[in-house]
Amino acid sequence: MFKVSVLGSGGWGIALALSAYKNGHKVTLWTPFTEEAELLRTKRTNEKLLNGIIIPKEIEITTDISAVEGSYITVIATPSTAVRSVAKKLAECKKFGIVVNVAKGFEKESLLLLSDVIESELPEAQIAVLSGPSHAEEVARNIPTSVVSASKSLPVAEIVQNVMASETLRIYTSTDLIGVEIGGAVKNVIAVCAGFCDGMGLGDNTKAALITRGLAEMTRLGIAMGAREYTFAGLTGLGDLIVTCTSRHSRNNRFGYKVGSGTDIATALKEVGTVEGYHAAEMTYKLGKKYNVDLPIIEKCYSVLYQNADVKSVVRDLMMRPNRREYTP
């Protein structure tokens, strides 16, 4: 039995805390919000995100970051925008074990991968990323799921695999940390676009083309940033694209649906909540410019979300681009 700490009490944080608990580990669930901690301790469930899922009383729920001390693995399960501040807070502890990031995105100001953000705050830490097609709602209900544990160090990735894997959570390993993180971030942008399609009443043909060409864009950017091409054909590329683009569990998809059906962006964001794809669209657009990579779908998504472009017009613009040969990347 190991001590596993999860920083972040949203749906994914709770789902991973439950998974570690079912594996027989001692689990601590941390939130910075006193009111949220009290609610979870009292009701032992997050009614909004995981209604009906009970958090066992053996899982400690706390707002005290020092409770992380002595952990074998510490999971950062916060929105991407909070990763740096949480890593900075974690630096107050002396022994927190392997740091596993499950947030998906880039840092807005620096355009850094989130593992690089963590490394900048915790330079001596062993860092891994857990990513793949994994809705928290299904993981919490023990629906079979497969993800990838990625780290620059294969032994570190394997430790995470061995500690967290179960009969309903299959974990593969990878040393392509860059590719795994880029897949997890960029798929959210394509999922917003898939929501546009649904909101406009477009068909399966459209969505299939979007997913396929979105994968090509993700791959081109990944290779330019140092990732391995084959990573994007796996769980954290194609797999995550499929689940996020086709499921209403996806907040990115729901947000895109609202915008595609005529809801203004500010209202859609307020109604859906955290939408990683909204933030990632701006950062992926900027990374495309930085690395001189052609990202037509990403660029059109950015124009809708940040430049007031009409969502219906961008579909026509994409369809009327000059004829060309298909290639990947």
# chains A, B, ... in the order shown; residues from 1 in each chain; ligands from 1
>>> residues_around(residues="stretch 61-78 of chain A", least_positions_apart="6", cutoff="6 Å", atoms="only C-alpha atoms", output="list of chain:residue names")
A:Lys3, A:Val4, A:Ser5, A:Val6, A:Leu7, A:Gly8, A:Gly13, A:Leu29, A:Trp30, A:Thr31, A:Pro32, A:Lys95, A:Phe96, A:Gly97, A:Ile98, A:Val99, A:Val100, A:Asn101, A:Val102, A:Ala103
>>> select_by_dssp(residues="stretch 54-209 of chain A", states="strand (DSSP E or B)", output="number ranges by chain")
A: 60-62, 73-76, 98-101, 106, 113, 127-131, 145-150, 169-174
>>> select_by_dssp(residues="stretch 57-163 of chain A", states="alpha helix (DSSP H)", output="ChimeraX atom specification")
/A:83-90,114-121,136-140,154-163
>>> write_last_selection(atoms="N, CA, C and O atoms", output="CSV table (one decimal), in the first residue's frame")
chain,number,residue,atom,x,y,z
A,83,VAL,N,-2.3,25.1,-12.6
A,83,VAL,CA,-1.2,24.2,-12.4
A,83,VAL,C,0.0,24.8,-11.8
A,83,VAL,O,0.7,24.3,-10.9
A,84,ARG,N,0.4,26.0,-12.3
A,84,ARG,CA,1.6,26.7,-11.7
A,84,ARG,C,1.4,27.0,-10.2
A,84,ARG,O,2.3,26.8,-9.4
A,85,SER,N,0.3,27.6,-9.9
A,85,SER,CA,0.0,28.0,-8.5
A,85,SER,C,0.0,26.8,-7.6
A,85,SER,O,0.5,26.8,-6.5
A,86,VAL,N,-0.5,25.7,-8.1
A,86,VAL,CA,-0.6,24.5,-7.2
A,86,VAL,C,0.8,23.8,-7.1
A,86,VAL,O,1.2,23.4,-6.0
A,87,ALA,N,1.6,23.8,-8.2
A,87,ALA,CA,2.9,23.3,-8.1
A,87,ALA,C,3.8,24.2,-7.2
A,87,ALA,O,4.6,23.7,-6.4
A,88,LYS,N,3.6,25.5,-7.2
A,88,LYS,CA,4.3,26.4,-6.3
A,88,LYS,C,3.9,26.1,-4.8
A,88,LYS,O,4.8,26.1,-4.0
A,89,LYS,N,2.7,25.8,-4.6
A,89,LYS,CA,2.2,25.4,-3.3
A,89,LYS,C,2.8,24.1,-2.8
A,89,LYS,O,3.2,23.9,-1.7
A,90,LEU,N,2.9,23.2,-3.8
A,90,LEU,CA,3.4,21.8,-3.5
A,90,LEU,C,4.9,21.9,-3.1
A,90,LEU,O,5.4,21.1,-2.3
A,114,LEU,N,2.5,21.8,-19.7
A,114,LEU,CA,2.3,21.9,-18.3
A,114,LEU,C,3.4,21.1,-17.5
A,114,LEU,O,3.7,21.5,-16.3
A,115,SER,N,4.0,20.1,-18.1
A,115,SER,CA,5.1,19.4,-17.4
A,115,SER,C,6.3,20.3,-17.2
A,115,SER,O,7.0,20.3,-16.2
A,116,ASP,N,6.5,21.2,-18.2
A,116,ASP,CA,7.6,22.2,-18.1
A,116,ASP,C,7.2,23.2,-17.0
A,116,ASP,O,8.1,23.7,-16.3
A,117,VAL,N,6.0,23.6,-16.9
A,117,VAL,CA,5.6,24.5,-15.8
A,117,VAL,C,5.8,23.9,-14.5
A,117,VAL,O,6.4,24.5,-13.6
A,118,ILE,N,5.5,22.6,-14.3
A,118,ILE,CA,5.7,21.9,-13.0
A,118,ILE,C,7.2,21.8,-12.7
A,118,ILE,O,7.7,22.1,-11.6
A,119,GLU,N,8.0,21.5,-13.8
A,119,GLU,CA,9.4,21.4,-13.6
A,119,GLU,C,10.1,22.7,-13.2
A,119,GLU,O,11.0,22.7,-12.4
A,120,SER,N,9.5,23.8,-13.7
A,120,SER,CA,10.1,25.1,-13.3
A,120,SER,C,9.9,25.4,-11.8
A,120,SER,O,10.6,26.2,-11.2
A,121,GLU,N,8.8,24.9,-11.3
A,121,GLU,CA,8.5,25.2,-9.9
A,121,GLU,C,9.0,24.1,-9.0
A,121,GLU,O,9.3,24.3,-7.8
A,136,ALA,N,-14.2,11.4,-16.7
A,136,ALA,CA,-14.2,11.1,-15.2
A,136,ALA,C,-15.5,10.4,-14.8
A,136,ALA,O,-15.4,9.5,-14.0
A,137,GLU,N,-16.6,10.7,-15.5
A,137,GLU,CA,-17.8,10.1,-15.1
A,137,GLU,C,-17.8,8.5,-15.3
A,137,GLU,O,-18.4,7.8,-14.5
A,138,GLU,N,-17.0,8.1,-16.3
A,138,GLU,CA,-16.9,6.7,-16.6
A,138,GLU,C,-15.9,6.0,-15.7
A,138,GLU,O,-16.1,4.9,-15.2
A,139,VAL,N,-14.7,6.7,-15.5
A,139,VAL,CA,-13.7,6.1,-14.6
A,139,VAL,C,-14.2,5.9,-13.2
A,139,VAL,O,-14.0,4.9,-12.6
A,140,ALA,N,-15.0,6.9,-12.7
A,140,ALA,CA,-15.5,6.8,-11.4
A,140,ALA,C,-16.5,5.7,-11.3
A,140,ALA,O,-16.8,5.1,-10.1
A,154,LEU,N,11.4,6.2,-18.3
A,154,LEU,CA,10.5,5.1,-18.4
A,154,LEU,C,10.2,4.5,-17.1
A,154,LEU,O,9.1,4.1,-16.8
A,155,PRO,N,11.2,4.3,-16.2
A,155,PRO,CA,10.9,3.7,-14.9
A,155,PRO,C,9.9,4.5,-14.1
A,155,PRO,O,9.1,4.0,-13.4
A,156,VAL,N,9.9,5.9,-14.2
A,156,VAL,CA,8.9,6.7,-13.6
A,156,VAL,C,7.5,6.4,-14.1
A,156,VAL,O,6.5,6.3,-13.4
A,157,ALA,N,7.4,6.4,-15.5
A,157,ALA,CA,6.2,6.0,-16.1
A,157,ALA,C,5.6,4.7,-15.7
A,157,ALA,O,4.4,4.5,-15.4
A,158,GLU,N,6.5,3.7,-15.5
A,158,GLU,CA,6.2,2.4,-15.1
A,158,GLU,C,5.7,2.3,-13.6
A,158,GLU,O,4.8,1.6,-13.3
A,159,ILE,N,6.3,3.2,-12.8
A,159,ILE,CA,5.8,3.2,-11.4
A,159,ILE,C,4.4,3.7,-11.3
A,159,ILE,O,3.5,3.1,-10.6
A,160,VAL,N,4.1,4.8,-12.1
A,160,VAL,CA,2.7,5.3,-12.1
A,160,VAL,C,1.8,4.2,-12.7
A,160,VAL,O,0.7,4.0,-12.2
A,161,GLN,N,2.2,3.5,-13.7
A,161,GLN,CA,1.4,2.4,-14.3
A,161,GLN,C,1.1,1.4,-13.2
A,161,GLN,O,-0.1,1.0,-13.1
A,162,ASN,N,2.1,0.9,-12.5
A,162,ASN,CA,1.9,-0.1,-11.6
A,162,ASN,C,1.1,0.3,-10.4
A,162,ASN,O,0.3,-0.6,-9.8
A,163,VAL,N,1.2,1.5,-9.9
A,163,VAL,CA,0.4,2.0,-8.8
A,163,VAL,C,-1.0,2.2,-9.1
A,163,VAL,O,-1.9,1.9,-8.3
>>> closest_atom_pairs(of="stretch 250-289 of chain A", to="stretch 240-243 of chain A", cutoff="12 Å", atoms="only C-alpha atoms", output="Markdown table")
| residue | atom | partner | partner_atom | distance |
| --- | --- | --- | --- | --- |
| A:Ser250 | CA | A:Val243 | CA | 8.1 |
| A:Arg251 | CA | A:Val243 | CA | 11.7 |
| A:Asn252 | CA | A:Val243 | CA | 11.2 |
| A:Asn253 | CA | A:Val243 | CA | 10.1 |
>>> write_last_selection(atoms="N, CA and C atoms", output="short mmCIF file (atom, residue, chain, number, x, y, z; two decimals), in the first residue's frame")
data_model
loop_
_atom_site.label_atom_id
_atom_site.label_comp_id
_atom_site.auth_asym_id
_atom_site.auth_seq_id
_atom_site.Cartn_x
_atom_site.Cartn_y
_atom_site.Cartn_z
N SER A 250 -18.21 15.67 -22.79
CA SER A 250 -17.15 16.64 -23.05
C SER A 250 -17.67 18.06 -22.91
N ARG A 251 -17.10 18.82 -21.98
CA ARG A 251 -17.51 20.22 -21.84
C ARG A 251 -17.06 21.04 -23.05
N ASN A 252 -15.96 20.64 -23.68
CA ASN A 252 -15.52 21.33 -24.89
C ASN A 252 -16.56 21.17 -26.00
N ASN A 253 -17.06 19.96 -26.14
CA ASN A 253 -18.08 19.70 -27.15
C ASN A 253 -19.36 20.46 -26.85
#
>>> residues_around(residues="stretch 217-219 of chain A", least_positions_apart="5", cutoff="7 Å", atoms="only C-alpha atoms", output="MDAnalysis selection string")
chainID A and resid 183 186 229 232 295 329
>>> write_last_selection(atoms="all heavy atoms", output="tab-separated table (two decimals), in the first residue's frame")
chain	number	residue	atom	x	y	z
A	183	GLY	N	-1.17	16.12	-27.59
A	183	GLY	CA	-2.42	15.46	-27.94
A	183	GLY	C	-3.52	15.82	-26.97
A	183	GLY	O	-4.65	16.13	-27.37
A	186	VAL	N	-4.46	19.76	-27.62
A	186	VAL	CA	-5.02	20.17	-28.91
A	186	VAL	C	-6.34	19.48	-29.20
A	186	VAL	O	-7.23	20.04	-29.85
A	186	VAL	CB	-3.99	19.93	-30.04
A	186	VAL	CG1	-4.59	20.28	-31.40
A	186	VAL	CG2	-2.73	20.74	-29.80
A	229	GLU	N	5.85	11.07	-34.23
A	229	GLU	CA	4.64	11.02	-35.05
A	229	GLU	C	3.68	9.93	-34.61
A	229	GLU	O	2.47	10.14	-34.53
A	229	GLU	CB	5.02	10.81	-36.53
A	229	GLU	CG	3.84	10.76	-37.47
A	229	GLU	CD	4.25	10.63	-38.92
A	229	GLU	OE1	5.46	10.73	-39.22
A	229	GLU	OE2	3.35	10.44	-39.77
A	232	PHE	N	0.60	10.14	-31.99
A	232	PHE	CA	-0.70	10.73	-32.31
A	232	PHE	C	-1.68	9.72	-32.91
A	232	PHE	O	-2.87	10.00	-33.01
A	232	PHE	CB	-0.52	11.94	-33.22
A	232	PHE	CG	0.33	12.99	-32.56
A	232	PHE	CD1	1.68	13.13	-32.88
A	232	PHE	CD2	-0.20	13.80	-31.58
A	232	PHE	CE1	2.47	14.07	-32.24
A	232	PHE	CE2	0.58	14.75	-30.92
A	232	PHE	CZ	1.93	14.88	-31.26
A	295	LEU	N	-2.11	25.34	-39.64
A	295	LEU	CA	-3.18	24.81	-38.78
A	295	LEU	C	-4.51	25.46	-39.17
A	295	LEU	O	-5.07	26.25	-38.39
A	295	LEU	CB	-2.87	25.08	-37.30
A	295	LEU	CG	-1.53	24.58	-36.74
A	295	LEU	CD1	-1.34	25.09	-35.32
A	295	LEU	CD2	-1.46	23.05	-36.78
A	329	PRO	N	1.99	13.83	-41.79
A	329	PRO	CA	1.35	14.99	-41.16
A	329	PRO	C	1.13	16.08	-42.19
A	329	PRO	O	1.79	16.13	-43.21
A	329	PRO	CB	2.33	15.38	-40.07
A	329	PRO	CG	3.66	14.94	-40.59
A	329	PRO	CD	3.39	13.68	-41.38
>>> closest_residue(among="A:Ser9, A:Gln126, A:Thr212, A:Thr168", to="A:Thr145", atoms="only C-alpha atoms")
A:Thr168
>>> closest_residue(among="A:Asn142, A:Val304, A:Val315, A:Ala165", to="A:Leu202", atoms="only C-alpha atoms")
A:Val315
>>> closest_residue(among="A:Leu16, A:Ala266, A:Ala233, A:Cys197", to="A:Tyr306", atoms="only C-alpha atoms")
A:Ala266
>>> residues_around(residues="A:Arg44", least_positions_apart="4", cutoff="8 Å", atoms="only C-alpha atoms", output="PyMOL selection string")
chain A and resi 39-40+54-57
>>> write_last_selection(atoms="N, CA and C atoms", output="short mmCIF file (atom, residue, chain, number, x, y, z; two decimals), in the first residue's frame")
data_model
loop_
_atom_site.label_atom_id
_atom_site.label_comp_id
_atom_site.auth_asym_id
_atom_site.auth_seq_id
_atom_site.Cartn_x
_atom_site.Cartn_y
_atom_site.Cartn_z
N LEU A 39 -18.21 20.59 2.23
CA LEU A 39 -19.32 19.96 1.53
C LEU A 39 -19.00 18.51 1.18
N LEU A 40 -17.78 18.27 0.70
CA LEU A 40 -17.39 16.90 0.34
C LEU A 40 -17.27 16.01 1.58
N ILE A 54 -20.08 7.88 -4.42
CA ILE A 54 -19.77 8.12 -3.00
C ILE A 54 -18.26 8.07 -2.77
N ILE A 55 -17.76 9.05 -2.04
CA ILE A 55 -16.35 9.07 -1.65
C ILE A 55 -16.22 8.37 -0.30
N PRO A 56 -15.52 7.24 -0.24
CA PRO A 56 -15.40 6.51 1.02
C PRO A 56 -14.83 7.38 2.13
N LYS A 57 -15.26 7.13 3.34
CA LYS A 57 -14.82 7.92 4.48
C LYS A 57 -13.32 7.78 4.75
#
>>> residues_around(residues="A:Gly201", least_positions_apart="6", cutoff="12 Å", atoms="only C-alpha atoms", output="NGL selection string")
:A and (194-195 or 207 or 257-258 or 260-262 or 312)
>>> residues_around(residues="A:Ala224", least_positions_apart="6", cutoff="9 Å", atoms="only C-alpha atoms", output="number ranges by chain")
A: 291-293
>>> closest_residue(among="A:Ala17, A:Ala82, A:Leu49, A:Met319", to="A:Phe106", atoms="only C-alpha atoms")
A:Ala82
>>> closest_residue(among="A:Arg316, A:Arg213, A:Arg248, A:Arg170", to="A:Leu235", atoms="only C-alpha atoms")
A:Arg170
